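Working notes, structure below.
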Amino acid sequence: MYISDMKCGLILLTGLFLLSSSAWSAGTLKVTTPNGGQKWTTGKSYAVKWSKGSAGATVKIQLLKSGKHYKWVSKKTKNDGKHTWKIPSTVATSSAYKIKIVSIKKM
């Protein structure tokens, strides 16, 4: 299984996300957006982007908080390098988020 993480220092102030610039990658997947410094607002849609590499036809995307699963961004999406995510208003204020993209391809 190929795994790619994007560390996100996330600050939520009246619905705004501030994303840090520390990116992580493993295997052939690499998160390219968010890549740091973006301000994301709950209730609005943003593109999560990655280099698709040889990770297979589909991936799943998680939102982690303090290294643990917090919410699914998508349980299954095409590995086409882009997924539009409408950030739910239920995402809590925190500075400990990561976005994680995982191949569904069986090894």
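A note on labels: chains of the structure tokens are A, B, ... as shown, every chain counts residues from 1, and ligands are counted from 1 in their shown order.
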Hey, what's within 8 Å of Lys75 in chain A if we count only C-alpha atoms and toss same-chain stuff fewer than 6 positions away? As JSON, numbers by chain, please? {"A": [59, 60, 61, 62]}
Can those selected residues be exported to a file as a CSV table (one decimal), in the first residue's frame so that it contains C-alpha atoms?
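Just written: again.csv:
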```
chain,number,residue,atom,x,y,z
A,59,VAL,CA,-7.4,6.2,-3.4
A,60,LYS,CA,-9.0,7.1,-0.2
A,61,ILE,CA,-8.4,10.4,1.6
A,62,GLN,CA,-8.4,10.9,5.4
```
Residues at most 12 Å from Thr58 in chain A, counting only C-alpha atoms, excluding those fewer than 5 positions away in the same chain, as a PDB file with C-alpha atoms, in the first residue's frame?
```pdb
ATOM      1  CA  MET A   1       0.000   0.000   0.000  1.00  0.00           C
ATOM      2  CA  TYR A   2       1.370   3.417  -0.950  1.00  0.00           C
ATOM      3  CA  LEU A  29       1.868   9.409  -4.089  1.00  0.00           C
ATOM      4  CA  LYS A  52      -0.923   9.979  -8.786  1.00  0.00           C
ATOM      5  CA  GLY A  53       2.142   7.849  -9.509  1.00  0.00           C
ATOM      6  CA  SER A  74     -13.336  10.463   0.588  1.00  0.00           C
ATOM      7  CA  LYS A  75     -13.513   6.701   1.154  1.00  0.00           C
ATOM      8  CA  LYS A  76     -12.977   6.080  -2.563  1.00  0.00           C
ATOM      9  CA  THR A  77     -12.072   8.474  -5.359  1.00  0.00           C
ATOM     10  CA  LYS A  78     -10.332   8.152  -8.708  1.00  0.00           C
ATOM     11  CA  ASN A  79      -6.570   8.390  -8.538  1.00  0.00           C
ATOM     12  CA  ASP A  80      -6.618  11.258 -11.011  1.00  0.00           C
ATOM     13  CA  GLY A  81      -4.638  13.679  -8.852  1.00  0.00           C
ATOM     14  CA  LYS A  82      -7.506  15.884  -7.683  1.00  0.00           C
ATOM     15  CA  HIS A  83     -10.494  15.701  -5.350  1.00  0.00           C
ATOM     16  CA  ILE A 101      -3.943   9.822   0.792  1.00  0.00           C
ATOM     17  CA  VAL A 102      -3.802   6.036   0.663  1.00  0.00           C
ATOM     18  CA  SER A 103      -3.838   3.730  -2.337  1.00  0.00           C
ATOM     19  CA  ILE A 104      -6.635   1.172  -2.414  1.00  0.00           C
ATOM     20  CA  LYS A 105      -4.495  -0.974  -4.747  1.00  0.00           C
ATOM     21  CA  LYS A 106      -3.743  -4.396  -3.280  1.00  0.00           C
TER      22      LYS A 106
END
```
With only C-alpha atoms as the atoms that count, which of A:Lys30, A:Leu64, A:Val73, A:Gly43 lies nearest to Ser94 in chain A?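 Among the listed residues, the smallest separation from Ser94 in chain A belongs to A:Leu64.
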Looking only at the backbone, which of the residues in range 18-98 of chain A does DSSP tag as strand (DSSP E or B), as a ChimeraX atom specification? /A:18,23,25-26,29-33,39-41,45-51,58-65,68-78,82-86,97-98
Please compute the CA of His69 in chain A-CA of Ala96 in chain A distance, one decimal, in Å.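 Answer for the CA of His69 in chain A to CA of Ala96 in chain A separation: 11.6 Å.
When CA of Val31 in chain A is paired with CA of Val48 in chain A, their separation reads 7.8 Å.
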Using only C-alpha atoms, the shortest atom-to-atom distance to Trp85 in chain A among A:Gly67, A:Ala55, A:Lys98, A:Trp72 belongs to A:Trp72
